[in-house]
file coords_18.cif (mmCIF, C-alpha atoms)
data_data
#
loop_
_atom_site.label_atom_id
_atom_site.label_comp_id
_atom_site.auth_asym_id
_atom_site.auth_seq_id
_atom_site.Cartn_x
_atom_site.Cartn_y
_atom_site.Cartn_z
CA MET H 1 0.02 -37.02 52.10
CA ILE H 2 -1.22 -38.99 49.08
CA ARG H 3 -3.37 -36.01 48.17
CA THR H 4 -0.31 -33.74 48.19
CA LYS H 5 1.67 -36.13 45.96
CA VAL H 6 -1.24 -36.38 43.49
CA PHE H 7 -1.61 -32.59 43.52
CA LYS H 8 2.13 -32.06 42.95
CA SER H 9 2.17 -34.65 40.18
CA THR H 10 -0.90 -33.13 38.48
CA PHE H 11 0.47 -29.62 38.91
CA SER H 12 3.84 -30.68 37.47
CA ARG H 13 2.17 -32.21 34.40
CA PHE H 14 0.02 -29.13 33.95
CA LEU H 15 3.03 -26.85 34.25
CA LEU H 16 4.98 -29.01 31.79
CA ALA H 17 2.09 -28.86 29.30
CA VAL H 18 1.85 -25.05 29.61
CA LEU H 19 5.60 -24.70 29.09
CA ALA H 20 5.48 -26.99 26.07
CA ILE H 21 2.65 -24.94 24.53
CA LEU H 22 4.55 -21.71 25.17
CA ALA H 23 7.71 -23.14 23.63
CA LEU H 24 5.84 -24.32 20.55
CA SER H 25 4.14 -20.95 20.20
CA ALA H 26 7.46 -19.14 20.42
CA CYS H 27 8.95 -21.36 17.71
CA LYS H 28 5.94 -21.14 15.44
CA GLU H 29 6.64 -19.28 12.19
CA GLU H 30 4.61 -16.22 11.39
CA ARG H 31 2.05 -17.22 8.79
CA GLU H 32 0.88 -13.76 7.74
CA GLN H 33 2.47 -10.59 6.54
CA SER H 34 0.94 -7.15 6.18
CA MET H 35 1.25 -4.21 3.85
CA SER H 36 -0.01 -0.73 4.77
CA PHE H 37 -1.12 1.86 2.25
CA HIS H 38 -1.08 5.63 2.34
CA ASP H 39 -2.11 6.02 -1.30
CA ALA H 40 -5.69 5.06 -2.17
CA HIS H 41 -4.87 4.60 -5.87
CA ILE H 42 -2.09 2.08 -5.22
CA GLU H 43 -4.17 0.28 -2.59
CA HIS H 44 -7.04 -0.07 -5.06
CA GLN H 45 -4.71 -1.42 -7.77
CA VAL H 46 -3.09 -3.96 -5.43
CA VAL H 47 -6.39 -5.19 -3.96
CA GLN H 48 -8.00 -5.45 -7.39
CA LYS H 49 -5.07 -7.49 -8.76
CA MET H 50 -4.98 -9.75 -5.68
CA GLU H 51 -8.71 -10.43 -6.08
CA SER H 52 -8.33 -11.18 -9.80
CA GLU H 53 -5.50 -13.61 -9.05
CA ARG H 54 -7.48 -15.13 -6.18
CA ILE H 55 -4.85 -14.36 -3.55
CA PRO H 56 -6.63 -14.50 -0.18
CA PHE H 57 -6.23 -11.52 2.12
CA ARG H 58 -8.02 -9.66 4.86
CA ARG H 59 -8.24 -5.94 5.54
CA GLU H 60 -7.60 -4.05 8.75
CA GLY H 61 -7.79 -0.28 8.38
CA ASN H 62 -5.36 0.79 5.67
CA SER H 63 -3.50 -2.53 5.81
CA ILE H 64 -3.97 -5.85 4.11
CA TRP H 65 -2.86 -9.15 5.62
CA TYR H 66 -1.94 -12.13 3.46
CA SER H 67 -0.18 -15.47 3.76
CA ILE H 68 3.61 -15.39 3.67
CA ASP H 69 3.32 -18.03 0.98
CA ASN H 70 2.13 -15.22 -1.32
CA ARG H 71 4.61 -12.54 -0.26
CA GLU H 72 6.68 -12.59 -3.45
CA LYS H 73 3.61 -12.36 -5.68
CA VAL H 74 2.08 -9.56 -3.56
CA GLN H 75 5.37 -7.63 -3.63
CA GLU H 76 5.47 -8.00 -7.42
CA ILE H 77 1.87 -6.72 -7.67
CA PHE H 78 2.77 -3.76 -5.43
CA ASN H 79 5.88 -2.91 -7.48
CA VAL H 80 3.87 -2.89 -10.72
CA ALA H 81 1.19 -0.67 -9.14
CA VAL H 82 3.82 1.82 -7.95
CA ALA H 83 5.54 1.86 -11.35
CA GLN H 84 2.24 2.56 -13.09
CA ARG H 85 1.08 5.25 -10.66
CA PRO H 86 0.50 8.51 -12.54
CA MET H 87 2.51 11.55 -11.55
CA GLN H 88 0.38 13.92 -9.52
CA TYR H 89 0.82 17.68 -9.57
CA ARG H 90 -1.02 20.06 -7.23
CA PHE H 91 -1.71 23.69 -7.93
CA TYR H 92 -3.13 26.34 -5.65
CA ASP H 93 -3.69 28.68 -8.58
CA LYS H 94 -6.26 27.59 -11.19
CA GLU H 95 -4.50 29.62 -13.90
CA LYS H 96 -1.23 27.76 -13.32
CA GLN H 97 -3.09 24.45 -13.56
CA ASP H 98 -4.62 25.56 -16.87
CA GLN H 99 -1.21 26.70 -18.13
CA PHE H 100 0.33 23.35 -17.14
CA ILE H 101 -2.39 21.38 -18.95
CA SER H 102 -2.02 23.57 -22.03
CA LEU H 103 1.78 23.13 -22.15
CA LEU H 104 1.40 19.37 -21.69
CA GLY H 105 -1.08 19.33 -24.58
CA ASP H 106 1.40 21.22 -26.76
CA GLN H 107 3.81 18.31 -26.15
CA GLY H 108 1.14 15.72 -27.02
CA ILE H 109 0.78 14.62 -23.39
CA THR H 110 -2.76 13.88 -22.25
CA ALA H 111 -3.37 14.60 -18.58
CA SER H 112 -6.42 14.16 -16.40
CA THR H 113 -7.66 16.47 -13.68
CA GLU H 114 -9.51 15.71 -10.52
CA SER H 115 -12.68 17.73 -10.23
CA ASN H 116 -12.03 20.21 -7.45
CA SER H 117 -13.91 23.46 -7.20
CA GLU H 118 -11.22 24.87 -4.94
CA SER H 119 -7.50 24.34 -4.40
CA PRO H 120 -5.53 22.25 -4.55
CA TYR H 121 -6.20 21.61 -8.22
CA ILE H 122 -4.79 18.19 -9.08
CA VAL H 123 -3.43 17.07 -12.44
CA ASN H 124 -2.50 13.44 -13.11
CA VAL H 125 0.08 12.72 -15.82
CA PRO H 126 0.94 9.20 -17.04
CA ASN H 127 4.16 7.99 -15.47
CA GLU H 128 5.90 7.46 -18.80
CA TYR H 129 5.95 11.26 -19.28
CA ARG H 130 7.61 11.89 -15.92
CA ASP H 131 10.69 13.70 -17.21
CA LYS H 132 8.85 16.01 -19.61
CA SER H 133 6.05 16.77 -17.13
CA GLU H 134 8.60 17.66 -14.43
CA GLU H 135 10.29 20.05 -16.85
CA ILE H 136 6.97 21.69 -17.74
CA PHE H 137 5.94 21.85 -14.08
CA GLN H 138 9.12 23.72 -13.17
CA GLN H 139 8.55 26.06 -16.10
CA VAL H 140 5.01 26.84 -14.87
CA LEU H 141 6.23 27.41 -11.31
CA ARG H 142 8.85 29.91 -12.50
CA SER H 143 6.38 31.87 -14.64
CA ASN H 144 4.37 34.78 -13.27
#
call {"tool": "encode", "arguments": {"input": "coords_18.cif", "output": "C-alpha cells"}}
result
Amino acid sequence: MIRTKVFKSTFSRFLLAVLAILALSACKEEREQSMSFHDAHIEHQVVQKMESERIPFRREGNSIWYSIDNREKVQEIFNVAVAQRPMQYRFYDKEKQDQFISLLGDQGITASTESNSESPYIVNVPNEYRDKSEEIFQQVLRSN
C-alpha cells in the first residue's frame, strides 16, 4: 500500500515534469530561420557578405540557417545580391549569341560569356543594362 502511494506520487511528479517540459518547448520561440537558394551566384554573394560581416550561419544542402536576430540584415544582403545579379541570356545557336554580343558592343554594353563548348551558350549582362539588353535580345530572336 505504501509502495503504491510512493509509486503514484513519483509517477505524478514525473508526469508533471514531462508536461511542463513539453509546454515550455511548445512556447519556445524559434531561434533560427533559413533561406534556400536555387541560384549559385546569389548564394555565393550572400554567403560571402555574411562571412565578411561575421554573421554566424550553418549550411544544410542549398539552405543556410541563421539566428532570427540577424534576419533583417540577412534579408538586406539577399535583396542587394538579387538587385546586382547580372541578366542571363541563353542561346542554342552560337551565331545568335555572337550577334547578341556584337549588338551589345555597338551600344557600349560589355557582356561576359560562360565558356561552353556546346549549347546553351550563356551571356551575362550587367543588371543596369536590363532594358536595352532585353530589346537587343528580342531583336536577335526575331532575326533569321
call {"tool": "resolve_selection", "arguments": {"input": "coords_18.cif", "expression": "the PyMOL selection byres ((chain H and resi 112) around 10)", "output": "compact mmCIF listing (two decimals) with C-alpha atoms, keeping the file's coordinate frame"}}
result
# COMPACT_ATOMS: atom_id res chain seq x y z
CA PRO H 86 0.50 8.51 -12.54
CA GLN H 88 0.38 13.92 -9.52
CA ILE H 101 -2.39 21.38 -18.95
CA THR H 110 -2.76 13.88 -22.25
CA ALA H 111 -3.37 14.60 -18.58
CA THR H 113 -7.66 16.47 -13.68
CA GLU H 114 -9.51 15.71 -10.52
CA SER H 115 -12.68 17.73 -10.23
CA ILE H 122 -4.79 18.19 -9.08
CA VAL H 123 -3.43 17.07 -12.44
CA ASN H 124 -2.50 13.44 -13.11
CA VAL H 125 0.08 12.72 -15.82
CA PRO H 126 0.94 9.20 -17.04
call {"tool": "residues_around", "arguments": {"input": "coords_18.cif", "residues": "H:Tyr92", "least_positions_apart": "6", "cutoff": "7 Å", "atoms": "only C-alpha atoms", "output": "list in words"}}
result
Ser119, Pro120 and Tyr121 of chain H
call {"tool": "atom_distance", "arguments": {"input": "coords_18.cif", "atom1": "atom CA of H:Ile42", "atom2": "atom CA of H:Ala81"}}
result
5.8 Å
call {"tool": "closest_residue", "arguments": {"input": "coords_18.cif", "among": "H:Arg85, H:Glu135, H:Gln107, H:Arg71", "to": "H:Ala40", "atoms": "all atoms listed in the file"}}
result
H:Arg85
call {"tool": "residues_near_point", "arguments": {"input": "coords_18.cif", "point": "(7.7, 24.4, -14.4)", "cutoff": "12 Å", "atoms": "only C-alpha atoms", "output": "PyMOL selection string"}}
result
chain H and resi 89+91+96-97+99-101+103-104+131-144
call {"tool": "write_last_selection", "arguments": {"input": "coords_18.cif", "atoms": "C-alpha atoms", "output": "PDB file, in the frame of the given file"}}
result
ATOM      1  CA  TYR H  89       0.820  17.680  -9.570  1.00  0.00           C
ATOM      2  CA  PHE H  91      -1.710  23.690  -7.930  1.00  0.00           C
ATOM      3  CA  LYS H  96      -1.230  27.760 -13.320  1.00  0.00           C
ATOM      4  CA  GLN H  97      -3.090  24.450 -13.560  1.00  0.00           C
ATOM      5  CA  GLN H  99      -1.210  26.700 -18.130  1.00  0.00           C
ATOM      6  CA  PHE H 100       0.330  23.350 -17.140  1.00  0.00           C
ATOM      7  CA  ILE H 101      -2.390  21.380 -18.950  1.00  0.00           C
ATOM      8  CA  LEU H 103       1.780  23.130 -22.150  1.00  0.00           C
ATOM      9  CA  LEU H 104       1.400  19.370 -21.690  1.00  0.00           C
ATOM     10  CA  ASP H 131      10.690  13.700 -17.210  1.00  0.00           C
ATOM     11  CA  LYS H 132       8.850  16.010 -19.610  1.00  0.00           C
ATOM     12  CA  SER H 133       6.050  16.770 -17.130  1.00  0.00           C
ATOM     13  CA  GLU H 134       8.600  17.660 -14.430  1.00  0.00           C
ATOM     14  CA  GLU H 135      10.290  20.050 -16.850  1.00  0.00           C
ATOM     15  CA  ILE H 136       6.970  21.690 -17.740  1.00  0.00           C
ATOM     16  CA  PHE H 137       5.940  21.850 -14.080  1.00  0.00           C
ATOM     17  CA  GLN H 138       9.120  23.720 -13.170  1.00  0.00           C
ATOM     18  CA  GLN H 139       8.550  26.060 -16.100  1.00  0.00           C
ATOM     19  CA  VAL H 140       5.010  26.840 -14.870  1.00  0.00           C
ATOM     20  CA  LEU H 141       6.230  27.410 -11.310  1.00  0.00           C
ATOM     21  CA  ARG H 142       8.850  29.910 -12.500  1.00  0.00           C
ATOM     22  CA  SER H 143       6.380  31.870 -14.640  1.00  0.00           C
ATOM     23  CA  ASN H 144       4.370  34.780 -13.270  1.00  0.00           C
TER      24      ASN H 144
END
call {"tool": "closest_residue", "arguments": {"input": "coords_18.cif", "among": "H:Met35, H:Met87, H:Val74, H:Ile109", "to": "H:Pro56", "atoms": "only C-alpha atoms"}}
result
H:Val74
call {"tool": "atom_distance", "arguments": {"input": "coords_18.cif", "atom1": "atom CA of H:Val46", "atom2": "atom CA of H:Asn127"}}
result
17.2 Å
call {"tool": "closest_residue", "arguments": {"input": "coords_18.cif", "among": "H:Ser52, H:Ser67, H:Gln45, H:Asn62", "to": "H:Asn79", "atoms": "all atoms listed in the file"}}
result
H:Gln45
call {"tool": "residues_around", "arguments": {"input": "coords_18.cif", "residues": "H:Ser63", "least_positions_apart": "4", "cutoff": "8 Å", "atoms": "only C-alpha atoms", "output": "list in words"}}
result
Ser34, Met35, Ser36, Phe37 and Arg59 of chain H
call {"tool": "closest_residue", "arguments": {"input": "coords_18.cif", "among": "H:Ser117, H:Gln33, H:Gln48, H:Ser102", "to": "H:Trp65", "atoms": "all atoms listed in the file"}}
result
H:Gln33
call {"tool": "closest_residue", "arguments": {"input": "coords_18.cif", "among": "H:Lys94, H:Ile68, H:Glu51, H:His44", "to": "H:Arg31", "atoms": "all atoms listed in the file"}}
result
H:Ile68
call {"tool": "closest_residue", "arguments": {"input": "coords_18.cif", "among": "H:Lys49, H:His41, H:Asp98, H:Glu118", "to": "H:Gln75", "atoms": "all atoms listed in the file"}}
result
H:Lys49
